[in-house]
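Data block below; observations after.
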Amino acid sequence: MPKVTYRHHDGSEETVEVRAGTSLMLGALTNGVDGIEAECGGSCMCATCHVYVDEGWLDKLPKVQILEDEMLDDTAAERKPNSRLSCQIEMSDSLDGIVVELPETQI
Amino acid sequence: MSAGDSAGLVVIGGSHAGHQVAIAARAAGFEGPITVLSDERELPYQRPPLSKAYLMGKQPREALLFRPAGFYEEQGIDMRLGVKATAIDRVAHTVSCDDGTVLPYRKLAIATGTRVRPLTVPGSEMGGVHYIRTLSDIDAILAELDRVKSVVVIGGGFIGLEGAAALKTMGRAVAVVELADRLMARGVGVTVSTYYADHHRSQGVDVRLSTGVERLTGENGHVTGVVLSGGETLPADMVIVGIGVLPNQEIAADAGIDCGNGVIVDEFAQTSDPDVLAAGDCAQFQSRFYDGPLRLESVQNATDQARTAGATIAGVEKPYDAAPWFWSDQFDLKLQMTGITAGYDQEVIRGDVAAGEFSVFYFKGDTWLGTDTVNSPANHIASRRLLDAGYRLSKAEAADEGLALKDLVKAARKGG
């Protein structure tokens, strides 16, 4: 199964297996990785599953759709060029090894 | 006091609000033991996907859980599943459960949510009649679905329409029967209602407005049809009922805690008993966004009010004051709502209704109450932030297509 590394705000990292087709948001929640709220459960409605995608992986992701783009304007932590909502990133074999950083706060 | 040192926080209810109270109390520094009582057998799970992704097989069961079991263990939260709280003794500071246990509490949080309003017309008890509230409700629908060709949804509110859209997308013949003259009448205005009726019809859903249900017909104890108020019978091998919910407030009322349409709480989620709190669908409160007592059935309300309750329990003041917001996914439409818009007298519309991309700003007199958006998330988010900031949007501003609401948000925040 492909692996995802979640880097916490304090620099510590957790690497977990996430099934292809599962979102990085669910990958964090189902593996007990802290730092993602996902209040809306993955409906792209709440901007509380914000992550910063590590350089090098950004280009491999599907483009930000308009809904995600507008929700990203409402994140609690600063929006950066590599900001994404993890509920909108679907795991795949080509993303094996992806690293995302969790912001200081989601709410 | 009979509650000893071992008494901590007991939460009645293990859904959105219940599990969030426990997590928030811990996060805010509450150090005593925490016990969550849930009459469901599942760990706390997300309800919104039940009528959408889970029903359509797009979200697996394990992906509904908020947190894995290990999370609660790490947090020192004792999840007691399949256990129903039956009575509160406020003098003894204890909660009795249906498994015979009696738990002492120092603080008690009531997050009992709601239960579905049952259909009571003749035939309502037959097989094939379903509700959408719990995971087991959906599992019961899914267990029958292979044999189902025609579904009648009774109730044209959010839940019924989401179910209708999902089942239509899954290839079933679907009819929606609504007593009111428009869809989602409690939640949205006329323009949105009309647009959704048109859209459901364009997708092949048979939408019947201003129509009641006389009775259900059946064979061998299983539903076969729905007899409408006009006498017509719609064929149905499954009926889904979505006619509202009722707050589970009896356990509080029986203990002498003040209740109205829900357990009455203040801005700190505190009930009339200082050691008892309530949050989520079961709680009634006053809000600056509505003139009158309010009880909201939403994820936002459950989450935010539970965070306040958790903070209060830990001795932190965090008044609940967020602008209400809601959403509904039907077919490919993203409906987002903020504010409490019931009682509006004028709609101001931006965007293109026919194209399915528009925003409706609701006013009562000159007062802006809130906004519904269809496939226009930027206006939703900006409206939420403007309501939070106490901004008084004018009709002229609402109508000005050239005015980006997010620029107003920046100005409102600077001013605040």
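Going by the structure tokens order, chains are called A, B, ..., each with residues numbered from 1, while ligands are numbered from 1 in the order shown.
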
With a cut-off of 12 Å, could you pull out the residues of chain A touching chain B and give me the nearest pair of atoms for each, distance in Å to one decimal, using only C-alpha atoms, ordered by chain and ascending number, as JSON lines?
{"residue": "A:Val18", "atom": "CA", "partner": "B:Ala63", "partner_atom": "CA", "distance": 11.5}
{"residue": "A:Arg19", "atom": "CA", "partner": "B:Ala63", "partner_atom": "CA", "distance": 11.3}
{"residue": "A:Gly21", "atom": "CA", "partner": "B:Lys58", "partner_atom": "CA", "distance": 9.9}
{"residue": "A:Thr22", "atom": "CA", "partner": "B:Ala63", "partner_atom": "CA", "distance": 8.7}
{"residue": "A:Ser23", "atom": "CA", "partner": "B:Ala63", "partner_atom": "CA", "distance": 9.7}
{"residue": "A:Leu24", "atom": "CA", "partner": "B:Ala63", "partner_atom": "CA", "distance": 11.5}
{"residue": "A:Met25", "atom": "CA", "partner": "B:Ala63", "partner_atom": "CA", "distance": 10.0}
{"residue": "A:Leu26", "atom": "CA", "partner": "B:Ala63", "partner_atom": "CA", "distance": 6.4}
{"residue": "A:Gly27", "atom": "CA", "partner": "B:Ala63", "partner_atom": "CA", "distance": 8.7}
{"residue": "A:Ala28", "atom": "CA", "partner": "B:Arg67", "partner_atom": "CA", "distance": 9.4}
{"residue": "A:Leu29", "atom": "CA", "partner": "B:Arg67", "partner_atom": "CA", "distance": 5.8}
{"residue": "A:Thr30", "atom": "CA", "partner": "B:Pro68", "partner_atom": "CA", "distance": 5.7}
{"residue": "A:Asn31", "atom": "CA", "partner": "B:Pro68", "partner_atom": "CA", "distance": 6.9}
{"residue": "A:Gly32", "atom": "CA", "partner": "B:Pro68", "partner_atom": "CA", "distance": 6.0}
{"residue": "A:Val33", "atom": "CA", "partner": "B:Phe71", "partner_atom": "CA", "distance": 8.9}
{"residue": "A:Asp34", "atom": "CA", "partner": "B:Phe71", "partner_atom": "CA", "distance": 9.1}
{"residue": "A:Gly35", "atom": "CA", "partner": "B:Arg67", "partner_atom": "CA", "distance": 11.9}
{"residue": "A:Ile36", "atom": "CA", "partner": "B:Phe66", "partner_atom": "CA", "distance": 10.5}
{"residue": "A:Glu37", "atom": "CA", "partner": "B:Phe66", "partner_atom": "CA", "distance": 9.0}
{"residue": "A:Ala38", "atom": "CA", "partner": "B:Phe66", "partner_atom": "CA", "distance": 8.7}
{"residue": "A:Glu39", "atom": "CA", "partner": "B:Val299", "partner_atom": "CA", "distance": 7.4}
{"residue": "A:Cys40", "atom": "CA", "partner": "B:Val299", "partner_atom": "CA", "distance": 7.1}
{"residue": "A:Gly41", "atom": "CA", "partner": "B:Gln46", "partner_atom": "CA", "distance": 6.4}
{"residue": "A:Gly42", "atom": "CA", "partner": "B:Pro49", "partner_atom": "CA", "distance": 8.7}
{"residue": "A:Ser43", "atom": "CA", "partner": "B:Asp329", "partner_atom": "CA", "distance": 8.4}
{"residue": "A:Cys44", "atom": "CA", "partner": "B:Pro377", "partner_atom": "CA", "distance": 9.8}
{"residue": "A:Met45", "atom": "CA", "partner": "B:Trp327", "partner_atom": "CA", "distance": 7.7}
{"residue": "A:Cys46", "atom": "CA", "partner": "B:Gln300", "partner_atom": "CA", "distance": 9.1}
{"residue": "A:Ala47", "atom": "CA", "partner": "B:Ile381", "partner_atom": "CA", "distance": 10.2}
{"residue": "A:Thr48", "atom": "CA", "partner": "B:Gln300", "partner_atom": "CA", "distance": 12.0}
{"residue": "A:Gln65", "atom": "CA", "partner": "B:Pro377", "partner_atom": "CA", "distance": 11.5}
{"residue": "A:Ile66", "atom": "CA", "partner": "B:Pro377", "partner_atom": "CA", "distance": 8.5}
{"residue": "A:Leu67", "atom": "CA", "partner": "B:Pro377", "partner_atom": "CA", "distance": 6.1}
{"residue": "A:Glu68", "atom": "CA", "partner": "B:Pro377", "partner_atom": "CA", "distance": 8.9}
{"residue": "A:Asp69", "atom": "CA", "partner": "B:Ala378", "partner_atom": "CA", "distance": 9.0}
{"residue": "A:Glu70", "atom": "CA", "partner": "B:Ala378", "partner_atom": "CA", "distance": 5.4}
{"residue": "A:Met71", "atom": "CA", "partner": "B:Pro377", "partner_atom": "CA", "distance": 7.1}
{"residue": "A:Leu72", "atom": "CA", "partner": "B:Ala378", "partner_atom": "CA", "distance": 9.9}
{"residue": "A:Asp73", "atom": "CA", "partner": "B:Ala378", "partner_atom": "CA", "distance": 8.6}
{"residue": "A:Asp74", "atom": "CA", "partner": "B:Ile381", "partner_atom": "CA", "distance": 7.1}
{"residue": "A:Thr75", "atom": "CA", "partner": "B:Ile381", "partner_atom": "CA", "distance": 10.6}
{"residue": "A:Cys87", "atom": "CA", "partner": "B:Ala63", "partner_atom": "CA", "distance": 11.8}
{"residue": "A:Ile107", "atom": "CA", "partner": "B:Asp304", "partner_atom": "CA", "distance": 10.1}

message = Please extract the residues of range 71-207 of chain B with a backbone DSSP assignment of strand (DSSP E) and present them as an MDAnalysis selection string.
response = chainID B and resid 77:81 85:89 94:97 102:110 114:116 129:131 150:154 173:177 206:207

Write a file of the selected residues as a tab-separated table (two decimals), in the first residue's frame, keeping C-alpha atoms.
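Result file follows (selection18.tsv):
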chain	number	residue	atom	x	y	z
B	77	ILE	CA	-11.71	8.75	27.05
B	78	ASP	CA	-13.69	5.67	28.02
B	79	MET	CA	-16.10	4.97	25.16
B	80	ARG	CA	-18.99	2.83	26.34
B	81	LEU	CA	-20.85	1.69	23.26
B	85	ALA	CA	-28.29	6.43	29.87
B	86	THR	CA	-31.71	6.13	31.47
B	87	ALA	CA	-31.82	8.67	34.31
B	88	ILE	CA	-29.91	11.53	35.88
B	89	ASP	CA	-29.86	11.98	39.67
B	94	THR	CA	-25.01	10.08	39.09
B	95	VAL	CA	-26.22	8.72	35.77
B	96	SER	CA	-28.01	5.37	35.57
B	97	CYS	CA	-27.59	3.20	32.51
B	102	VAL	CA	-24.56	3.90	37.93
B	103	LEU	CA	-21.83	6.40	37.05
B	104	PRO	CA	-20.84	9.29	39.29
B	105	TYR	CA	-20.14	12.61	37.59
B	106	ARG	CA	-18.60	15.93	38.50
B	107	LYS	CA	-19.73	17.42	35.19
B	108	LEU	CA	-22.36	15.95	32.90
B	109	ALA	CA	-22.80	16.77	29.22
B	110	ILE	CA	-26.03	15.95	27.44
B	114	THR	CA	-32.48	13.85	18.00
B	115	ARG	CA	-34.59	10.96	16.87
B	116	VAL	CA	-36.60	10.75	13.69
B	129	VAL	CA	-40.16	1.65	5.25
B	130	HIS	CA	-36.90	3.30	6.22
B	131	TYR	CA	-35.43	6.40	7.85
B	150	SER	CA	-39.08	2.28	-7.10
B	151	VAL	CA	-38.53	4.47	-4.09
B	152	VAL	CA	-40.92	7.04	-2.66
B	153	VAL	CA	-39.31	9.59	-0.38
B	154	ILE	CA	-41.75	11.15	2.05
B	173	ALA	CA	-37.18	5.38	-9.98
B	174	VAL	CA	-37.64	8.03	-7.29
B	175	ALA	CA	-40.57	10.19	-6.25
B	176	VAL	CA	-40.50	12.85	-3.53
B	177	VAL	CA	-43.72	13.74	-1.73
B	206	ASP	CA	-41.04	12.82	-9.64
B	207	VAL	CA	-41.48	15.79	-7.25

query = Where does DSSP see alpha helix (DSSP H) in chain A, if you list the residues as a PyMOL selection string?
reply = chain A and resi 24-30+66-72

Dump as a compact mmCIF listing (two decimals), in the first residue's frame, selection limited to N, CA and C atoms:
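Result file follows (part.txt):
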# COMPACT_ATOMS: atom_id res chain seq x y z
N LEU A 24 -6.23 11.85 1.56
CA LEU A 24 -5.20 12.06 2.59
C LEU A 24 -5.84 12.49 3.92
N MET A 25 -7.00 13.12 3.85
CA MET A 25 -7.72 13.49 5.07
C MET A 25 -8.12 12.23 5.82
N LEU A 26 -8.79 11.31 5.13
CA LEU A 26 -9.21 10.07 5.78
C LEU A 26 -8.01 9.23 6.19
N GLY A 27 -6.95 9.29 5.38
CA GLY A 27 -5.74 8.56 5.72
C GLY A 27 -5.20 8.99 7.07
N ALA A 28 -5.26 10.27 7.35
CA ALA A 28 -4.80 10.77 8.65
C ALA A 28 -5.76 10.35 9.76
N LEU A 29 -7.05 10.57 9.54
CA LEU A 29 -8.02 10.29 10.61
C LEU A 29 -8.06 8.81 10.95
N THR A 30 -8.09 7.96 9.93
CA THR A 30 -8.24 6.52 10.21
C THR A 30 -6.97 5.93 10.81
N ILE A 66 -12.28 24.82 -8.36
CA ILE A 66 -12.71 26.15 -7.90
C ILE A 66 -13.23 26.12 -6.46
N LEU A 67 -13.98 25.08 -6.11
CA LEU A 67 -14.53 25.01 -4.76
C LEU A 67 -13.41 24.95 -3.72
N GLU A 68 -12.43 24.07 -3.98
CA GLU A 68 -11.30 23.96 -3.06
C GLU A 68 -10.54 25.28 -2.99
N ASP A 69 -10.35 25.90 -4.14
CA ASP A 69 -9.62 27.16 -4.20
C ASP A 69 -10.29 28.20 -3.31
N GLU A 70 -11.61 28.27 -3.39
CA GLU A 70 -12.30 29.29 -2.61
C GLU A 70 -12.32 28.94 -1.12
N MET A 71 -12.42 27.64 -0.82
CA MET A 71 -12.39 27.24 0.58
C MET A 71 -10.99 27.48 1.18
N LEU A 72 -9.96 27.34 0.36
CA LEU A 72 -8.60 27.55 0.86
C LEU A 72 -8.37 28.99 1.33

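What separates CA of Met1 in chain A from CA of Lys52 in chain B is a distance of 26.9 Å.
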
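Closest approach to Glu347 in chain B among B:Thr271, B:Thr312, B:Thr191, B:Thr224: B:Thr191, based on only C-alpha atoms.
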
task = Skip range 4-6 of chain A itself and residues of its chain fewer than 4 positions away, then list as a PyMOL selection string all residues within 6 Å of it, counting only C-alpha atoms.
result = chain A and resi 13-16+97-101
